[in-house]
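*Asks:* Dropping in run_17.txt, with compact mmCIF, C-alpha atoms.
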```txt
# COMPACT_ATOMS: atom_id res chain seq x y z
CA MET Z 287 0.00 0.00 0.00
CA ALA Z 288 1.16 3.52 -0.65
CA GLY Z 289 2.65 5.43 2.28
CA GLY Z 290 0.44 7.57 4.43
CA ASP Z 291 -2.47 5.25 5.05
CA ASP Z 292 -1.19 4.50 8.53
CA GLY Z 293 -2.20 8.02 9.56
CA THR Z 294 1.23 9.59 9.15
CA GLY Z 295 2.20 12.01 6.40
CA VAL Z 296 0.94 15.39 5.35
CA PRO Z 297 -2.82 16.04 5.05
CA TYR Z 298 -4.04 16.73 1.51
CA LEU Z 299 -7.40 17.80 0.18
CA VAL Z 300 -8.28 15.80 -2.92
CA LYS Z 301 -10.93 16.90 -5.38
CA VAL Z 302 -12.03 14.45 -8.07
CA GLU Z 303 -14.24 15.31 -11.03
CA VAL Z 304 -15.89 12.24 -12.55
CA THR Z 305 -17.63 12.89 -15.86
CA PRO Z 306 -19.34 10.68 -18.44
CA ARG Z 307 -16.91 9.85 -21.27
CA ALA Z 308 -17.56 11.52 -24.59
CA GLY Z 309 -19.87 9.36 -26.68
CA ILE Z 310 -21.27 7.50 -23.67
CA ARG Z 311 -25.00 7.88 -23.08
CA ASP Z 312 -25.78 10.30 -20.23
CA PRO Z 313 -29.48 9.68 -19.48
CA GLU Z 314 -29.44 11.89 -16.37
CA GLY Z 315 -28.04 14.78 -18.41
CA ALA Z 316 -30.62 14.19 -21.14
CA ALA Z 317 -33.43 14.20 -18.56
CA VAL Z 318 -32.21 17.47 -17.05
CA GLU Z 319 -31.95 18.98 -20.53
CA ARG Z 320 -35.57 18.08 -21.27
CA ALA Z 321 -36.67 19.46 -17.91
CA LEU Z 322 -34.82 22.73 -18.52
CA ALA Z 323 -36.46 23.05 -21.96
CA ALA Z 324 -39.89 22.49 -20.37
CA LEU Z 325 -39.09 25.18 -17.81
CA GLY Z 326 -38.43 27.75 -20.52
CA HIS Z 327 -34.74 27.23 -21.17
CA PRO Z 328 -34.64 25.51 -24.57
CA ASP Z 329 -31.19 26.94 -25.28
CA ALA Z 330 -29.59 25.07 -22.37
CA ARG Z 331 -27.96 22.26 -24.34
CA GLY Z 332 -25.31 19.62 -24.00
CA VAL Z 333 -26.13 18.99 -20.35
CA HIS Z 334 -23.81 16.49 -18.69
CA ILE Z 335 -24.01 15.35 -15.10
CA GLY Z 336 -20.93 14.08 -13.34
CA LYS Z 337 -19.78 13.60 -9.76
CA LEU Z 338 -17.63 15.89 -7.69
CA ILE Z 339 -15.91 14.05 -4.86
CA THR Z 340 -13.83 15.69 -2.17
CA LEU Z 341 -11.89 13.88 0.52
CA HIS Z 342 -8.90 14.21 2.78
CA LEU Z 343 -5.99 11.81 2.90
CA ARG Z 344 -2.42 11.74 4.17
CA ALA Z 345 0.65 11.15 2.06
CA PRO Z 346 4.36 11.95 2.19
CA ASP Z 347 4.04 14.55 -0.59
CA ALA Z 348 1.66 15.88 -3.25
CA ALA Z 349 2.86 13.43 -5.92
CA ALA Z 350 2.19 10.50 -3.59
CA ALA Z 351 -1.22 11.96 -2.69
CA GLU Z 352 -2.07 12.16 -6.38
CA ARG Z 353 -0.97 8.56 -6.97
CA ARG Z 354 -3.15 7.38 -4.09
CA ALA Z 355 -6.09 9.45 -5.36
CA ASP Z 356 -5.65 7.84 -8.76
CA GLU Z 357 -5.74 4.42 -7.09
CA LEU Z 358 -8.96 5.36 -5.24
CA CYS Z 359 -10.51 6.46 -8.53
CA ARG Z 360 -9.63 3.26 -10.34
CA THR Z 361 -10.72 1.12 -7.38
CA LEU Z 362 -13.98 2.75 -6.41
CA LEU Z 363 -14.71 6.37 -7.25
CA ALA Z 364 -14.93 6.13 -11.04
CA ASN Z 365 -15.74 3.52 -13.66
CA PRO Z 366 -12.99 4.08 -16.24
CA VAL Z 367 -14.97 2.19 -18.89
CA ILE Z 368 -17.65 4.85 -19.04
CA GLU Z 369 -16.23 7.75 -17.03
CA ASP Z 370 -13.28 10.10 -17.19
CA TYR Z 371 -11.81 11.52 -14.02
CA ARG Z 372 -9.62 14.44 -13.16
CA ILE Z 373 -7.75 14.76 -9.87
CA GLU Z 374 -6.76 17.94 -8.07
CA VAL Z 375 -4.60 17.72 -4.95
CA ARG Z 376 -3.72 20.52 -2.59
CA ALA Z 377 -2.30 20.80 0.89
CA ALA Z 378 -5.15 20.72 3.43
CA GLU Z 379 -5.41 23.62 5.84
CA GLY Z 380 -4.89 22.52 9.44
CA SER Z 381 -4.76 18.75 9.89
CA GLY Z 382 -7.92 17.81 7.99
CA PRO Z 383 -11.24 16.67 9.41
CA MET W 181 -37.20 35.48 -19.25
CA ALA W 182 -33.59 36.51 -19.52
CA GLY W 183 -32.25 37.26 -22.99
CA GLY W 184 -30.62 34.55 -24.99
CA ASP W 185 -33.14 31.77 -24.62
CA ASP W 186 -34.47 32.46 -28.11
CA GLY W 187 -31.22 31.09 -29.52
CA THR W 188 -29.50 34.43 -30.02
CA GLY W 189 -26.62 35.72 -27.97
CA VAL W 190 -23.13 34.47 -27.33
CA PRO W 191 -22.53 30.79 -26.45
CA TYR W 192 -21.24 30.16 -22.95
CA LEU W 193 -20.04 27.03 -21.23
CA VAL W 194 -21.46 26.82 -17.72
CA LYS W 195 -20.00 24.58 -15.05
CA VAL W 196 -21.95 24.11 -11.81
CA GLU W 197 -20.60 22.42 -8.70
CA VAL W 198 -23.39 21.25 -6.39
CA THR W 199 -22.18 20.10 -2.98
CA PRO W 200 -23.92 19.00 0.23
CA ARG W 201 -24.14 21.93 2.66
CA ALA W 202 -21.90 21.79 5.70
CA GLY W 203 -23.71 20.00 8.53
CA ILE W 204 -26.13 18.22 6.20
CA ARG W 205 -25.98 14.42 6.26
CA ASP W 206 -24.17 13.01 3.21
CA PRO W 207 -25.03 9.29 3.28
CA GLU W 208 -23.42 8.64 -0.12
CA GLY W 209 -20.17 10.20 1.08
CA ALA W 210 -20.31 8.17 4.29
CA ALA W 211 -20.87 4.95 2.32
CA VAL W 212 -17.91 5.69 0.05
CA GLU W 213 -15.76 6.47 3.11
CA ARG W 214 -16.61 3.09 4.66
CA ALA W 215 -15.91 1.34 1.37
CA LEU W 216 -12.53 3.06 1.04
CA ALA W 217 -11.63 2.03 4.60
CA ALA W 218 -12.58 -1.57 3.81
CA LEU W 219 -10.38 -1.42 0.70
CA GLY W 220 -7.34 -0.45 2.76
CA HIS W 221 -7.63 3.34 2.80
CA PRO W 222 -8.69 4.14 6.38
CA ASP W 223 -7.04 7.57 6.17
CA ALA W 224 -9.39 8.73 3.38
CA ARG W 225 -11.73 10.86 5.50
CA GLY W 226 -14.30 13.57 5.13
CA VAL W 227 -15.62 12.15 1.86
CA HIS W 228 -18.31 14.29 0.26
CA ILE W 229 -20.11 13.54 -2.97
CA GLY W 230 -21.57 16.33 -5.03
CA LYS W 231 -22.67 16.86 -8.61
CA LEU W 232 -20.75 18.45 -11.41
CA ILE W 233 -23.04 19.77 -14.13
CA THR W 234 -21.86 21.23 -17.42
CA LEU W 235 -24.08 22.79 -20.05
CA HIS W 236 -24.09 25.32 -22.84
CA LEU W 237 -26.38 28.30 -23.07
CA ARG W 238 -26.59 31.57 -24.92
CA ALA W 239 -26.68 35.01 -23.34
CA PRO W 240 -25.82 38.59 -24.29
CA ASP W 241 -22.75 38.61 -22.01
CA ALA W 242 -21.04 36.67 -19.23
CA ALA W 243 -22.92 38.44 -16.44
CA ALA W 244 -26.25 37.56 -18.05
CA ALA W 245 -25.08 33.97 -18.56
CA GLU W 246 -24.21 33.76 -14.87
CA ARG W 247 -27.62 35.16 -13.86
CA ARG W 248 -29.37 32.58 -16.02
CA ALA W 249 -27.18 29.79 -14.64
CA ASP W 250 -28.13 30.92 -11.14
CA GLU W 251 -31.80 30.75 -12.14
CA LEU W 252 -31.32 27.20 -13.50
CA CYS W 253 -29.66 26.19 -10.23
CA ARG W 254 -32.44 27.57 -8.08
CA THR W 255 -35.13 26.11 -10.36
CA LEU W 256 -33.81 22.64 -11.00
CA LEU W 257 -30.11 21.85 -10.68
CA ALA W 258 -29.65 22.32 -6.94
CA ASN W 259 -31.74 22.13 -3.80
CA PRO W 260 -30.65 25.25 -1.90
CA VAL W 261 -32.07 23.90 1.36
CA ILE W 262 -29.50 21.12 1.54
CA GLU W 263 -26.98 21.98 -1.19
CA ASP W 264 -24.56 24.77 -1.99
CA TYR W 265 -23.72 25.57 -5.58
CA ARG W 266 -20.93 27.38 -7.35
CA ILE W 267 -21.17 28.62 -10.92
CA GLU W 268 -18.35 29.09 -13.40
CA VAL W 269 -19.10 30.67 -16.77
CA ARG W 270 -16.75 30.95 -19.69
CA ALA W 271 -17.08 31.72 -23.38
CA ALA W 272 -17.70 28.50 -25.29
CA GLU W 273 -15.33 27.62 -28.09
CA GLY W 274 -17.07 27.56 -31.45
CA SER W 275 -20.85 27.79 -31.22
CA GLY W 276 -21.47 25.07 -28.65
CA PRO W 277 -22.84 21.58 -29.17
```
Could you take the file, read its structure, and then write that structure out as structure tokens?

*Replies:*
Amino acid sequence: MAGGDDGTGVPYLVKVEVTPRAGIRDPEGAAVERALAALGHPDARGVHIGKLITLHLRAPDAAAAERRADELCRTLLANPVIEDYRIEVRAAEGSGP
Amino acid sequence: MAGGDDGTGVPYLVKVEVTPRAGIRDPEGAAVERALAALGHPDARGVHIGKLITLHLRAPDAAAAERRADELCRTLLANPVIEDYRIEVRAAEGSGP
């Protein structure tokens, strides 16, 4: 396992954007688009709904935090077959939650 | 209705982050946190799951696009009682989707 998961290391705030891959059906986005049109916003187009996940973890440095975040994404947070993900890591203020 | 919804105006790309409000229960985040712990990541804490919505719309200028995006959020995209939202507007490349 990558370093840091024993509770040592520096606290990082990780933000993950999970979005439907281009070309993959996005029924939730399509439903929202229809609802917006019905509510008087027919020009709101190309609606896509993804997930925004934030969490705190500890790692020796930012590169290690990003590697662990990538592991979390591949393991659980995203489905790489149908979703893209983008990771943002920054030092957490204080010692996290 | 705000200008632009007749198909005229400048195309804008709108990105909306919808997140659970502080202090509001986030059962999906809690479930993911437990799953991450079970998968060997007990230091992944404070997991919160929100929505990331992207869409295109047309408006006379960026300020108008942001006002319309705010209206969409209050009407449909977010539930202000339990969710916070943050809007980012930028000029769309080309003429949108």

*Asks:* What lies within 7 Å of Ile262 in chain W using only C-alpha atoms, ignoring chain neighbours under 6 positions off, as an MDAnalysis selection string?

*Replies:* chainID W and resid 200:201 204

*Asks:* May I have the residues from that selection written out with C-alpha atoms, as a PDB file, keeping the file's coordinate frame?

*Replies:*
```pdb
ATOM      1  CA  PRO W 200     -23.920  19.000   0.230  1.00  0.00           C
ATOM      2  CA  ARG W 201     -24.140  21.930   2.660  1.00  0.00           C
ATOM      3  CA  ILE W 204     -26.130  18.220   6.200  1.00  0.00           C
TER       4      ILE W 204
END
```

*Asks:* Select all residues from chain W having any atom no more than 10 Å from an atom of chain Z (counting all atoms listed in the file, ignoring ligands), output as number ranges by chain.

*Replies:* W: 181-182, 184-188, 191-199, 209, 212-213, 215-217, 219-239, 248-249, 252, 255-257, 276-277

*Asks:* Generate a file of the selected residues that holds C-alpha atoms, formatted as an mmCIF file, in the coordinates of the input.

*Replies:*
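Output (selection.cif):
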```cif
data_model
loop_
_atom_site.group_PDB
_atom_site.id
_atom_site.type_symbol
_atom_site.label_atom_id
_atom_site.label_comp_id
_atom_site.auth_asym_id
_atom_site.auth_seq_id
_atom_site.Cartn_x
_atom_site.Cartn_y
_atom_site.Cartn_z
ATOM 1 C CA MET W 181 -37.200 35.480 -19.250
ATOM 2 C CA ALA W 182 -33.590 36.510 -19.520
ATOM 3 C CA GLY W 184 -30.620 34.550 -24.990
ATOM 4 C CA ASP W 185 -33.140 31.770 -24.620
ATOM 5 C CA ASP W 186 -34.470 32.460 -28.110
ATOM 6 C CA GLY W 187 -31.220 31.090 -29.520
ATOM 7 C CA THR W 188 -29.500 34.430 -30.020
ATOM 8 C CA PRO W 191 -22.530 30.790 -26.450
ATOM 9 C CA TYR W 192 -21.240 30.160 -22.950
ATOM 10 C CA LEU W 193 -20.040 27.030 -21.230
ATOM 11 C CA VAL W 194 -21.460 26.820 -17.720
ATOM 12 C CA LYS W 195 -20.000 24.580 -15.050
ATOM 13 C CA VAL W 196 -21.950 24.110 -11.810
ATOM 14 C CA GLU W 197 -20.600 22.420 -8.700
ATOM 15 C CA VAL W 198 -23.390 21.250 -6.390
ATOM 16 C CA THR W 199 -22.180 20.100 -2.980
ATOM 17 C CA GLY W 209 -20.170 10.200 1.080
ATOM 18 C CA VAL W 212 -17.910 5.690 0.050
ATOM 19 C CA GLU W 213 -15.760 6.470 3.110
ATOM 20 C CA ALA W 215 -15.910 1.340 1.370
ATOM 21 C CA LEU W 216 -12.530 3.060 1.040
ATOM 22 C CA ALA W 217 -11.630 2.030 4.600
ATOM 23 C CA LEU W 219 -10.380 -1.420 0.700
ATOM 24 C CA GLY W 220 -7.340 -0.450 2.760
ATOM 25 C CA HIS W 221 -7.630 3.340 2.800
ATOM 26 C CA PRO W 222 -8.690 4.140 6.380
ATOM 27 C CA ASP W 223 -7.040 7.570 6.170
ATOM 28 C CA ALA W 224 -9.390 8.730 3.380
ATOM 29 C CA ARG W 225 -11.730 10.860 5.500
ATOM 30 C CA GLY W 226 -14.300 13.570 5.130
ATOM 31 C CA VAL W 227 -15.620 12.150 1.860
ATOM 32 C CA HIS W 228 -18.310 14.290 0.260
ATOM 33 C CA ILE W 229 -20.110 13.540 -2.970
ATOM 34 C CA GLY W 230 -21.570 16.330 -5.030
ATOM 35 C CA LYS W 231 -22.670 16.860 -8.610
ATOM 36 C CA LEU W 232 -20.750 18.450 -11.410
ATOM 37 C CA ILE W 233 -23.040 19.770 -14.130
ATOM 38 C CA THR W 234 -21.860 21.230 -17.420
ATOM 39 C CA LEU W 235 -24.080 22.790 -20.050
ATOM 40 C CA HIS W 236 -24.090 25.320 -22.840
ATOM 41 C CA LEU W 237 -26.380 28.300 -23.070
ATOM 42 C CA ARG W 238 -26.590 31.570 -24.920
ATOM 43 C CA ALA W 239 -26.680 35.010 -23.340
ATOM 44 C CA ARG W 248 -29.370 32.580 -16.020
ATOM 45 C CA ALA W 249 -27.180 29.790 -14.640
ATOM 46 C CA LEU W 252 -31.320 27.200 -13.500
ATOM 47 C CA THR W 255 -35.130 26.110 -10.360
ATOM 48 C CA LEU W 256 -33.810 22.640 -11.000
ATOM 49 C CA LEU W 257 -30.110 21.850 -10.680
ATOM 50 C CA GLY W 276 -21.470 25.070 -28.650
ATOM 51 C CA PRO W 277 -22.840 21.580 -29.170
#
```

*Asks:* Just how far from CA of Glu208 in chain W is CA of Asp347 in chain Z, in Å to one decimal?

*Replies:*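 Between CA of Asp347 in chain Z and CA of Glu208 in chain W the gap works out to 28.1 Å.
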
*Asks:* One number please: CA of Glu352 in chain Z to CA of Val375 in chain Z, in Å, one decimal.

*Replies:*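 Between CA of Glu352 in chain Z and CA of Val375 in chain Z the gap is 6.3 Å.
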
*Asks:* Find the distance between CA of Ala308 in chain Z and CA of Glu263 in chain W and write it in Å to one decimal.

*Replies:*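 Pair CA of Ala308 in chain Z / CA of Glu263 in chain W returns 27.3 Å.
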